[in-house]
Amino acid sequence: MSDDRPTAETADATGATVAEPDASAEPDPDHDDGATTTGTADRDELDPADASLVVEDLAKRFGGIDAVDGVSFSVERGTLTGLIGPNGAGKSTTFDLITGVHDPDGGRVTFEGRDVTGYRTAEIADEGLVRTFQIARELEEMTVLENLMLAPRGQSGEKLLNAVTPGLRGRVREEERELRERVWETLELFEIDHLAEEYAGNLSGGQRKLLELARALMVDPSMLLLDEPFAGVNPTLEEKLLDRIHELREGGLTFLLVEHDMNLIMEHCERVIVMHQGQVLAEGPPAEIRSNERVIDAYLGEDV
């Protein structure tokens with residue numbers, strides 16, 4: 001992996017470099033420094049030392065559309081943070097940029113102090129940052145057990161030489177035995193051990209979401225990006241998913257959650273980031289976000 005990675009620049013909406021303001025310029029008497037201006041987020045600043053993920057001036061254009069326009073936010077280590085916004089706000093595209101699905105046109109992504117901007121998805125996962133999708137992407141023609149067995153990267157048995165060489169096969173078998181034990185522990189954690197031999201393609205929508213979260217956990221991440229994990233999930237399985245997420249967060253895992261259910265976000269997240277038209281509109285604790293006039297306006301008066 002090359003260490004030459006894109007660096008962050010101060011950029012406008014088109015990605016062009018913006019000159020720093022002249023410190024000697026006279027202040028505008030009509031400008032109130034305490035007021036919030038258009039395009040500037042209401043932010044509850046986080047100490048960088050406490051941040052697991054830092055996104056700075058992230059930008060992405062598709063054709064003439066600024067899908068993500070100068071997005072900056074931080075996710076505190078060990079928290080469950082919500083990312084909300086109306087349809088088309090740029091939430092999923094932001095996830096894509098963070099996790100290497102798309103290359104950003106500008107900005108920087110830092111994970112646990114390391115600049116991962118421009119890394120491929122697999123490289124980012126190796127760093128401990130893993131993402132799930134709106135639509136579960138399980139291997140339908142394999143069993144639930146097999147889906148989890150395949151999830152960890154870098155298994156010795158993936159190399160043909162290790163699998164067929166007499167002196168190395170023992171190590172492969174031992175590693176597989178340990179992995180199988182870990183898989184069963186994960187199946188039990190998500191209460192899908194009774195589905196171990198079921199083909200993934202036969203699972204319900206909610207069961208597939210549990211399987212996808214279990215697969216993500218098998219990669220041994222330190223942070224999970226969850227893209228609408230509760231979409232299409234019945235209330236019973238939703239509660240089960242939330243219980244597992246809180247258990248994992250209490251164990252030290254960090255979560256960034258995209259979800260349209262405002263009540264769920266407000267009740268379960270310590271911090272909330274609001275996006276609108278490709279930009280961060282506000283960031284802070286749920287109580288502040290719920291009463292933020294700009295957030296209420298963005299949702300056209302919906303109860304947030």
# chains A, B, ... in the order shown; residues from 1 in each chain; ligands from 1
$ residues_around --residues "stretch 265-282 of chain A" --least-positions-apart "4" --cutoff "7 Å" --atoms "only C-alpha atoms" --output "number ranges by chain"
A: 40-43, 66-72, 79-86, 88-91, 261, 286, 298
$ write_last_selection --atoms "N, CA and C atoms" --output "mmCIF file, in the first residue's frame"
data_model
loop_
_atom_site.group_PDB
_atom_site.id
_atom_site.type_symbol
_atom_site.label_atom_id
_atom_site.label_comp_id
_atom_site.auth_asym_id
_atom_site.auth_seq_id
_atom_site.Cartn_x
_atom_site.Cartn_y
_atom_site.Cartn_z
ATOM 1 N N THR A 40 -23.045 27.342 6.857
ATOM 2 C CA THR A 40 -22.221 27.121 8.034
ATOM 3 C C THR A 40 -23.013 26.299 9.035
ATOM 4 N N ALA A 41 -22.440 25.188 9.477
ATOM 5 C CA ALA A 41 -23.166 24.295 10.369
ATOM 6 C C ALA A 41 -23.168 24.826 11.794
ATOM 7 N N ASP A 42 -24.276 24.547 12.523
ATOM 8 C CA ASP A 42 -24.305 24.747 13.965
ATOM 9 C C ASP A 42 -23.588 23.556 14.569
ATOM 10 N N ARG A 43 -22.422 23.781 15.209
ATOM 11 C CA ARG A 43 -21.603 22.653 15.620
ATOM 12 C C ARG A 43 -21.277 22.699 17.104
ATOM 13 N N ASP A 66 -23.489 18.828 -6.764
ATOM 14 C CA ASP A 66 -22.642 18.663 -5.589
ATOM 15 C C ASP A 66 -23.354 17.717 -4.624
ATOM 16 N N ALA A 67 -23.079 16.419 -4.753
ATOM 17 C CA ALA A 67 -23.718 15.446 -3.873
ATOM 18 C C ALA A 67 -23.238 15.609 -2.436
ATOM 19 N N VAL A 68 -21.937 15.891 -2.272
ATOM 20 C CA VAL A 68 -21.342 16.179 -0.968
ATOM 21 C C VAL A 68 -20.498 17.433 -1.140
ATOM 22 N N ASP A 69 -20.775 18.453 -0.320
ATOM 23 C CA ASP A 69 -20.220 19.780 -0.555
ATOM 24 C C ASP A 69 -19.553 20.329 0.708
ATOM 25 N N GLY A 70 -18.280 19.993 0.918
ATOM 26 C CA GLY A 70 -17.541 20.530 2.056
ATOM 27 C C GLY A 70 -17.981 19.991 3.398
ATOM 28 N N VAL A 71 -18.253 18.694 3.477
ATOM 29 C CA VAL A 71 -18.748 18.083 4.713
ATOM 30 C C VAL A 71 -17.606 17.868 5.711
ATOM 31 N N SER A 72 -17.831 18.336 6.929
ATOM 32 C CA SER A 72 -16.867 18.145 8.021
ATOM 33 C C SER A 72 -17.619 17.730 9.281
ATOM 34 N N THR A 79 -18.896 5.856 20.905
ATOM 35 C CA THR A 79 -20.261 6.384 20.946
ATOM 36 C C THR A 79 -21.118 5.791 19.823
ATOM 37 N N LEU A 80 -22.417 5.987 19.964
ATOM 38 C CA LEU A 80 -23.379 5.710 18.900
ATOM 39 C C LEU A 80 -23.841 7.068 18.381
ATOM 40 N N THR A 81 -23.378 7.437 17.195
ATOM 41 C CA THR A 81 -23.660 8.741 16.603
ATOM 42 C C THR A 81 -24.612 8.572 15.433
ATOM 43 N N GLY A 82 -25.615 9.423 15.348
ATOM 44 C CA GLY A 82 -26.585 9.357 14.265
ATOM 45 C C GLY A 82 -26.270 10.354 13.166
ATOM 46 N N LEU A 83 -26.499 9.953 11.924
ATOM 47 C CA LEU A 83 -26.360 10.829 10.763
ATOM 48 C C LEU A 83 -27.708 10.871 10.071
ATOM 49 N N ILE A 84 -28.361 12.032 10.095
ATOM 50 C CA ILE A 84 -29.709 12.145 9.563
ATOM 51 C C ILE A 84 -29.774 13.246 8.507
ATOM 52 N N GLY A 85 -30.904 13.288 7.821
ATOM 53 C CA GLY A 85 -31.128 14.306 6.805
ATOM 54 C C GLY A 85 -32.212 13.852 5.855
ATOM 55 N N PRO A 86 -32.870 14.791 5.171
ATOM 56 C CA PRO A 86 -33.906 14.424 4.199
ATOM 57 C C PRO A 86 -33.318 13.570 3.078
ATOM 58 N N GLY A 88 -31.791 12.541 -0.281
ATOM 59 C CA GLY A 88 -30.948 13.331 -1.169
ATOM 60 C C GLY A 88 -30.000 14.265 -0.457
ATOM 61 N N ALA A 89 -29.903 14.152 0.876
ATOM 62 C CA ALA A 89 -29.023 15.050 1.639
ATOM 63 C C ALA A 89 -27.551 14.721 1.449
ATOM 64 N N GLY A 90 -27.244 13.497 0.983
ATOM 65 C CA GLY A 90 -25.854 13.119 0.767
ATOM 66 C C GLY A 90 -25.305 12.150 1.797
ATOM 67 N N LYS A 91 -26.174 11.549 2.586
ATOM 68 C CA LYS A 91 -25.721 10.678 3.679
ATOM 69 C C LYS A 91 -25.006 9.421 3.160
ATOM 70 N N ASP A 261 -35.683 7.060 10.923
ATOM 71 C CA ASP A 261 -36.574 7.104 12.077
ATOM 72 C C ASP A 261 -36.010 8.090 13.099
ATOM 73 N N PRO A 286 -28.754 15.147 20.976
ATOM 74 C CA PRO A 286 -30.121 15.081 20.445
ATOM 75 C C PRO A 286 -31.022 16.220 20.907
ATOM 76 N N ALA A 298 -35.365 22.355 7.690
ATOM 77 C CA ALA A 298 -34.914 21.390 6.678
ATOM 78 C C ALA A 298 -35.889 20.238 6.541
#
$ select_by_dssp --residues "stretch 178-230 of chain A" --states "strand (DSSP E or B)" --output "list of chain:residue names"
A:Tyr199, A:Met223, A:Leu224, A:Leu225, A:Leu226, A:Asp227
$ residues_around --residues "stretch 220-227 of chain A" --least-positions-apart "6" --cutoff "10 Å" --atoms "only C-alpha atoms" --output "JSON, numbers by chain"
{"A": [52, 53, 75, 77, 78, 79, 80, 81, 82, 83, 91, 92, 95, 98, 99, 111, 112, 125, 126, 127, 128, 129, 130, 131, 132, 133, 134, 135, 136, 151, 152, 153, 213, 245, 249, 252, 253, 254, 255, 256, 257, 258, 259]}
$ atom_distance --atom1 "atom CA of A:Leu139" --atom2 "atom CA of A:Thr94"
25.4 Å
$ closest_residue --among "A:Ala231, A:Leu195, A:Val183, A:Ala49" --to "A:Met149" --atoms "only C-alpha atoms"
A:Val183
$ atom_distance --atom1 "atom CA of A:Val144" --atom2 "atom CA of A:Glu197"
6.1 Å
$ select_by_dssp --residues "stretch 93-231 of chain A" --states "helix (DSSP H, G or I)" --output "ChimeraX atom specification"
/A:93-98,121-127,144-150,156-158,160-164,166-189,193-195,200-202,205-218
$ atom_distance --atom1 "atom CA of A:Glu239" --atom2 "atom CA of A:Glu185"
19.9 Å
$ closest_residue --among "A:Gly232, A:Thr93, A:Leu148, A:Glu76" --to "A:Pro285" --atoms "only C-alpha atoms"
A:Glu76
$ closest_residue --among "A:Leu210, A:Ala51, A:Ala200, A:Leu145" --to "A:Arg114" --atoms "only C-alpha atoms"
A:Ala51
$ closest_residue --among "A:His194, A:Arg173, A:Lys240, A:Arg180" --to "A:Gly206" --atoms "only C-alpha atoms"
A:Lys240
$ closest_residue --among "A:Leu189, A:Met142, A:Met218, A:Asn87" --to "A:Tyr299" --atoms "only C-alpha atoms"
A:Asn87
